[in-house]
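Below is model16.pdb, holding PDB, C-alpha atoms, pLDDT in the B column.
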```
ATOM      1  CA  PRO A   1      -1.579  15.596  -4.301  1.00 67.00           C
ATOM      2  CA  GLN A   2      -0.984  12.541  -2.163  1.00 75.00           C
ATOM      3  CA  VAL A   3      -0.515  12.677   1.587  1.00 86.00           C
ATOM      4  CA  SER A   4       1.450  10.313   3.789  1.00 92.00           C
ATOM      5  CA  TRP A   5       1.955  10.362   7.522  1.00 96.00           C
ATOM      6  CA  ILE A   6       5.270   9.639   9.193  1.00 97.00           C
ATOM      7  CA  VAL A   7       4.996   8.826  12.887  1.00 96.00           C
ATOM      8  CA  ARG A   8       8.016   8.783  15.187  1.00 96.00           C
ATOM      9  CA  GLY A   9       8.265   7.854  18.837  1.00 96.00           C
ATOM     10  CA  GLY A  10      10.252   5.730  21.224  1.00 95.00           C
ATOM     11  CA  GLY A  11      13.090   5.432  18.736  1.00 96.00           C
ATOM     12  CA  LYS A  12      10.760   3.890  16.129  1.00 97.00           C
ATOM     13  CA  GLN A  13       9.396   5.279  12.882  1.00 98.00           C
ATOM     14  CA  MET A  14       6.553   4.248  10.613  1.00 97.00           C
ATOM     15  CA  ILE A  15       4.841   5.586   7.521  1.00 98.00           C
ATOM     16  CA  HIS A  16       1.157   5.424   6.581  1.00 97.00           C
ATOM     17  CA  ALA A  17       0.817   6.175   2.884  1.00 95.00           C
ATOM     18  CA  GLY A  18      -2.964   6.326   2.521  1.00 89.00           C
ATOM     19  CA  ASP A  19      -4.330   5.710  -0.995  1.00 87.00           C
ATOM     20  CA  THR A  20      -0.987   6.225  -2.650  1.00 92.00           C
ATOM     21  CA  LEU A  21      -0.050   5.320  -6.212  1.00 92.00           C
ATOM     22  CA  TRP A  22       3.381   4.302  -7.430  1.00 93.00           C
ATOM     23  CA  HIS A  23       5.610   7.394  -7.537  1.00 91.00           C
ATOM     24  CA  GLY A  24       9.237   8.422  -7.495  1.00 88.00           C
ATOM     25  CA  TYR A  25       9.311   9.864  -3.994  1.00 93.00           C
ATOM     26  CA  TRP A  26      10.109   6.608  -2.149  1.00 95.00           C
ATOM     27  CA  TRP A  27      13.835   7.291  -2.440  1.00 97.00           C
ATOM     28  CA  LYS A  28      13.385  10.945  -1.415  1.00 95.00           C
ATOM     29  CA  LEU A  29      11.444   9.866   1.685  1.00 95.00           C
ATOM     30  CA  VAL A  30      14.268   7.565   2.766  1.00 97.00           C
ATOM     31  CA  LYS A  31      16.824  10.290   2.128  1.00 97.00           C
ATOM     32  CA  ALA A  32      14.818  12.798   4.188  1.00 96.00           C
ATOM     33  CA  PHE A  33      13.597  10.551   7.017  1.00 97.00           C
ATOM     34  CA  GLY A  34      15.728   7.395   6.985  1.00 97.00           C
ATOM     35  CA  THR A  35      14.358   3.865   6.867  1.00 98.00           C
ATOM     36  CA  PHE A  36      11.128   2.761   8.517  1.00 98.00           C
ATOM     37  CA  ASP A  37      10.322   0.110  11.066  1.00 98.00           C
ATOM     38  CA  ALA A  38       6.902  -0.357   9.481  1.00 98.00           C
ATOM     39  CA  ALA A  39       5.172   0.802   6.308  1.00 98.00           C
ATOM     40  CA  CYS A  40       1.382   0.827   6.018  1.00 97.00           C
ATOM     41  CA  LEU A  41       0.743   0.683   2.284  1.00 97.00           C
ATOM     42  CA  PRO A  42      -2.317  -0.019   0.133  1.00 95.00           C
ATOM     43  CA  VAL A  43      -2.089  -3.366  -1.640  1.00 95.00           C
ATOM     44  CA  ASN A  44      -5.364  -3.860  -3.460  1.00 92.00           C
ATOM     45  CA  GLY A  45      -4.524  -2.250  -6.812  1.00 91.00           C
ATOM     46  CA  ALA A  46      -8.173  -1.226  -6.995  1.00 87.00           C
ATOM     47  CA  VAL A  47      -9.729  -0.151 -10.257  1.00 85.00           C
ATOM     48  CA  THR A  48     -12.751   2.100 -10.162  1.00 82.00           C
ATOM     49  CA  GLN A  49     -15.146   3.388 -12.755  1.00 75.00           C
ATOM     50  CA  PHE A  50     -16.366   6.884 -12.067  1.00 75.00           C
ATOM     51  CA  SER A  51     -19.846   7.666 -13.298  1.00 73.00           C
ATOM     52  CA  GLY A  52     -20.124  10.249 -16.019  1.00 78.00           C
ATOM     53  CA  VAL A  53     -16.645   9.741 -17.449  1.00 79.00           C
ATOM     54  CA  TRP A  54     -15.751   7.946 -20.621  1.00 84.00           C
ATOM     55  CA  PRO A  55     -13.752   6.004 -21.509  1.00 87.00           C
ATOM     56  CA  HIS A  56     -13.465   4.075 -18.262  1.00 80.00           C
ATOM     57  CA  SER A  57      -9.964   3.380 -16.996  1.00 83.00           C
ATOM     58  CA  ASP A  58      -8.566  -0.023 -16.165  1.00 84.00           C
ATOM     59  CA  GLN A  59      -5.599   1.509 -14.313  1.00 87.00           C
ATOM     60  CA  PRO A  60      -5.171   0.901 -10.568  1.00 89.00           C
ATOM     61  CA  ILE A  61      -5.972   3.850  -8.311  1.00 87.00           C
ATOM     62  CA  CYS A  62      -3.579   2.653  -5.595  1.00 92.00           C
ATOM     63  CA  LEU A  63      -0.594   0.334  -5.219  1.00 96.00           C
ATOM     64  CA  THR A  64      -0.774  -3.238  -6.462  1.00 96.00           C
ATOM     65  CA  PRO A  65       0.575  -6.001  -4.191  1.00 97.00           C
ATOM     66  CA  GLU A  66       3.867  -6.113  -6.093  1.00 98.00           C
ATOM     67  CA  GLN A  67       4.261  -2.327  -6.045  1.00 97.00           C
ATOM     68  CA  ALA A  68       3.601  -2.218  -2.296  1.00 98.00           C
ATOM     69  CA  VAL A  69       6.316  -4.793  -1.633  1.00 98.00           C
ATOM     70  CA  THR A  70       8.789  -2.897  -3.809  1.00 98.00           C
ATOM     71  CA  ALA A  71       7.901   0.402  -2.111  1.00 98.00           C
ATOM     72  CA  ALA A  72       8.362  -1.186   1.333  1.00 98.00           C
ATOM     73  CA  GLU A  73      11.700  -2.568   0.243  1.00 98.00           C
ATOM     74  CA  ILE A  74      12.876   0.836  -1.050  1.00 98.00           C
ATOM     75  CA  LEU A  75      11.691   2.461   2.185  1.00 98.00           C
ATOM     76  CA  GLY A  76      13.823  -0.022   4.099  1.00 98.00           C
ATOM     77  CA  ALA A  77      10.728  -1.078   6.021  1.00 98.00           C
ATOM     78  CA  LYS A  78      11.250  -3.997   8.366  1.00 97.00           C
ATOM     79  CA  THR A  79       7.532  -4.773   8.161  1.00 98.00           C
ATOM     80  CA  LEU A  80       4.879  -4.147   5.523  1.00 98.00           C
ATOM     81  CA  ILE A  81       1.368  -3.758   6.909  1.00 97.00           C
ATOM     82  CA  PRO A  82      -1.174  -4.000   4.077  1.00 96.00           C
ATOM     83  CA  ILE A  83      -3.983  -1.430   4.181  1.00 94.00           C
ATOM     84  CA  HIS A  84      -7.078  -0.492   2.188  1.00 84.00           C
ATOM     85  CA  TYR A  85      -8.352  -3.913   1.251  1.00 82.00           C
ATOM     86  CA  LYS A  86     -11.411  -5.930   2.304  1.00 75.00           C
ATOM     87  CA  ALA A  87     -13.218  -2.761   3.388  1.00 64.00           C
ATOM     88  CA  VAL A  88     -14.949  -1.584   0.216  1.00 60.00           C
ATOM     89  CA  HIS A  89     -16.726  -3.908  -2.174  1.00 58.00           C
ATOM     90  CA  GLN A  90     -18.973  -2.329  -4.753  1.00 61.00           C
ATOM     91  CA  PRO A  91     -18.248  -4.248  -7.963  1.00 58.00           C
ATOM     92  CA  PRO A  92     -18.170  -3.386 -10.769  1.00 61.00           C
ATOM     93  CA  ILE A  93     -17.608   0.222  -9.670  1.00 71.00           C
ATOM     94  CA  TYR A  94     -14.717  -0.635  -7.297  1.00 74.00           C
ATOM     95  CA  THR A  95     -12.801  -3.818  -8.000  1.00 82.00           C
ATOM     96  CA  GLN A  96      -9.732  -5.101  -6.159  1.00 85.00           C
ATOM     97  CA  THR A  97      -6.925  -6.753  -8.068  1.00 88.00           C
ATOM     98  CA  PRO A  98      -7.370 -10.510  -8.583  1.00 90.00           C
ATOM     99  CA  GLU A  99      -5.531 -12.939  -6.284  1.00 94.00           C
ATOM    100  CA  MET A 100      -4.445  -9.986  -4.172  1.00 94.00           C
ATOM    101  CA  MET A 101      -3.305 -11.810  -1.016  1.00 94.00           C
ATOM    102  CA  ASN A 102      -1.614 -14.641  -2.915  1.00 96.00           C
ATOM    103  CA  ARG A 103       0.281 -12.119  -5.030  1.00 97.00           C
ATOM    104  CA  LEU A 104       1.215 -10.097  -1.955  1.00 97.00           C
ATOM    105  CA  THR A 105       2.527 -13.104  -0.040  1.00 97.00           C
ATOM    106  CA  TYR A 106       4.435 -14.392  -3.060  1.00 97.00           C
ATOM    107  CA  SER A 107       5.964 -10.994  -3.823  1.00 97.00           C
ATOM    108  CA  ALA A 108       6.948 -10.370  -0.182  1.00 98.00           C
ATOM    109  CA  GLY A 109       8.772 -13.728  -0.086  1.00 96.00           C
ATOM    110  CA  ASN A 110      11.995 -13.049   1.779  1.00 94.00           C
ATOM    111  CA  ARG A 111      12.104  -9.381   0.693  1.00 96.00           C
ATOM    112  CA  VAL A 112      10.016  -7.883   3.517  1.00 97.00           C
ATOM    113  CA  ASN A 113       8.237  -9.115   6.647  1.00 97.00           C
ATOM    114  CA  LEU A 114       4.494  -9.115   6.019  1.00 97.00           C
ATOM    115  CA  ASN A 115       2.081  -8.496   8.908  1.00 97.00           C
ATOM    116  CA  ILE A 116      -1.565  -8.863   7.894  1.00 95.00           C
ATOM    117  CA  LEU A 117      -3.662  -7.355  10.650  1.00 93.00           C
ATOM    118  CA  GLN A 118      -7.308  -8.109  11.291  1.00 89.00           C
ATOM    119  CA  THR A 119      -9.777  -5.346  12.142  1.00 86.00           C
ATOM    120  CA  ARG A 120      -8.930  -3.822  15.521  1.00 90.00           C
ATOM    121  CA  GLU A 121      -5.746  -5.865  15.801  1.00 91.00           C
ATOM    122  CA  ILE A 122      -2.724  -3.990  17.143  1.00 91.00           C
ATOM    123  CA  PHE A 123       0.817  -4.143  15.811  1.00 91.00           C
ATOM    124  CA  THR A 124       3.681  -3.197  18.095  1.00 89.00           C
ATOM    125  CA  ILE A 125       7.014  -2.278  16.598  1.00 84.00           C
TER
END
```
Take the structure I supplied and represent it as structure tokens, if you would.
Amino acid sequence: PQVSWIVRGGGKQMIHAGDTLWHGYWWKLVKAFGTFDAACLPVNGAVTQFSGVWPHSDQPICLTPEQAVTAAEILGAKTLIPIHYKAVHQPPIYTQTPEMMNRLTYSAGNRVNLNILQTREIFTI
């Protein structure tokens, strides 16, 4: 199971999707909650190799940059705030997708506003 948090207040609404993968619930979320002012989505498309399992998988364990932009667009998010990148580096066990930020910026283009926050930086909707 995957868990997301929807936060509402002051007439604004945002979603924090945690370590989510691509799934078919984006449309259901919009239908149930409406569009979002901001969406915090993972963007690193990380691949991990768990010890003791074989064969190893080369499949991402969370959204890729392109998937995050598409999810934000479906969610009607005015702003995409990338999460879950830069924090964990343990190659080759945990590897982020190549050219992550370039791919994210390119994919976002004019589809969604991109707000890349630094550690402890605050975003106000």
(request) Just the residues within 7 Å of Leu104 (chain A), please, counting all atoms listed in the file, with nothing from its chain fewer than 4 positions along; format it as a list in words. (result)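 Near Leu104 (chain A), the qualifying residues are Pro65, Glu66, Met100 and Ala108 of chain A.
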Let's have the selection written as a compact mmCIF listing (two decimals), keeping the file's coordinate frame, with C-alpha atoms.
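Once everything was written out, this is part-v8.txt:
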```txt
# COMPACT_ATOMS: atom_id res chain seq x y z
CA PRO A 65 0.57 -6.00 -4.19
CA GLU A 66 3.87 -6.11 -6.09
CA MET A 100 -4.44 -9.99 -4.17
CA ALA A 108 6.95 -10.37 -0.18
```
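Once only C-alpha atoms are considered, the residues situated within 10 Å of the file point (8.8, 7.8, 12.0) turn out to be Trp5, Ile6, Val7, Arg8, Gly9, Gly10, Gly11, Lys12, Gln13, Met14, Ile15, His16, Phe33, Gly34, Thr35, Phe36, Asp37, Ala38 and Ala39 of chain A.
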Go ahead and write the selection's residues with C-alpha atoms as a PDB file, keeping the file's coordinate frame.
```pdb
ATOM      1  CA  TRP A   5       1.955  10.362   7.522  1.00 96.00           C
ATOM      2  CA  ILE A   6       5.270   9.639   9.193  1.00 97.00           C
ATOM      3  CA  VAL A   7       4.996   8.826  12.887  1.00 96.00           C
ATOM      4  CA  ARG A   8       8.016   8.783  15.187  1.00 96.00           C
ATOM      5  CA  GLY A   9       8.265   7.854  18.837  1.00 96.00           C
ATOM      6  CA  GLY A  10      10.252   5.730  21.224  1.00 95.00           C
ATOM      7  CA  GLY A  11      13.090   5.432  18.736  1.00 96.00           C
ATOM      8  CA  LYS A  12      10.760   3.890  16.129  1.00 97.00           C
ATOM      9  CA  GLN A  13       9.396   5.279  12.882  1.00 98.00           C
ATOM     10  CA  MET A  14       6.553   4.248  10.613  1.00 97.00           C
ATOM     11  CA  ILE A  15       4.841   5.586   7.521  1.00 98.00           C
ATOM     12  CA  HIS A  16       1.157   5.424   6.581  1.00 97.00           C
ATOM     13  CA  PHE A  33      13.597  10.551   7.017  1.00 97.00           C
ATOM     14  CA  GLY A  34      15.728   7.395   6.985  1.00 97.00           C
ATOM     15  CA  THR A  35      14.358   3.865   6.867  1.00 98.00           C
ATOM     16  CA  PHE A  36      11.128   2.761   8.517  1.00 98.00           C
ATOM     17  CA  ASP A  37      10.322   0.110  11.066  1.00 98.00           C
ATOM     18  CA  ALA A  38       6.902  -0.357   9.481  1.00 98.00           C
ATOM     19  CA  ALA A  39       5.172   0.802   6.308  1.00 98.00           C
TER      20      ALA A  39
END
```
(message) as a ChimeraX atom specification, please: the residues near region 17-30 of chain A (cut-off 12 Å, all atoms listed in the file, same-chain neighbours under 5 positions excluded).
(response) /A:1-7,35-47,59-77,80-85
(message) Could you list, as a ChimeraX atom specification, every residue within 8 Å of Thr48 (chain A), counting all atoms listed in the file and ignoring same-chain residues fewer than 4 positions away?
(response) /A:57-58,60-61,92-95
Could you take the residues named above and write them with C-alpha atoms, as a tab-separated table (two decimals), in the frame of the given file?
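Saved to part.tsv:
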```
chain	number	residue	atom	x	y	z
A	57	SER	CA	-9.96	3.38	-17.00
A	58	ASP	CA	-8.57	-0.02	-16.16
A	60	PRO	CA	-5.17	0.90	-10.57
A	61	ILE	CA	-5.97	3.85	-8.31
A	92	PRO	CA	-18.17	-3.39	-10.77
A	93	ILE	CA	-17.61	0.22	-9.67
A	94	TYR	CA	-14.72	-0.64	-7.30
A	95	THR	CA	-12.80	-3.82	-8.00
```
(request) One decimal, Å: what's the distance from CA of Ser107 (chain A) over to CA of His56 (chain A), could you say? (result) 28.5 Å
(request) Kindly give the distance, in Å, that separates CA of Gln49 (chain A) and CA of Pro98 (chain A), rounded to a single decimal. (result)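 These atoms are spaced 16.5 Å apart.
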(message) Can you measure CA of Asn102 (chain A) to CA of Ile122 (chain A) for me? One decimal in Å is fine.
(response)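 The value is 22.7 Å.
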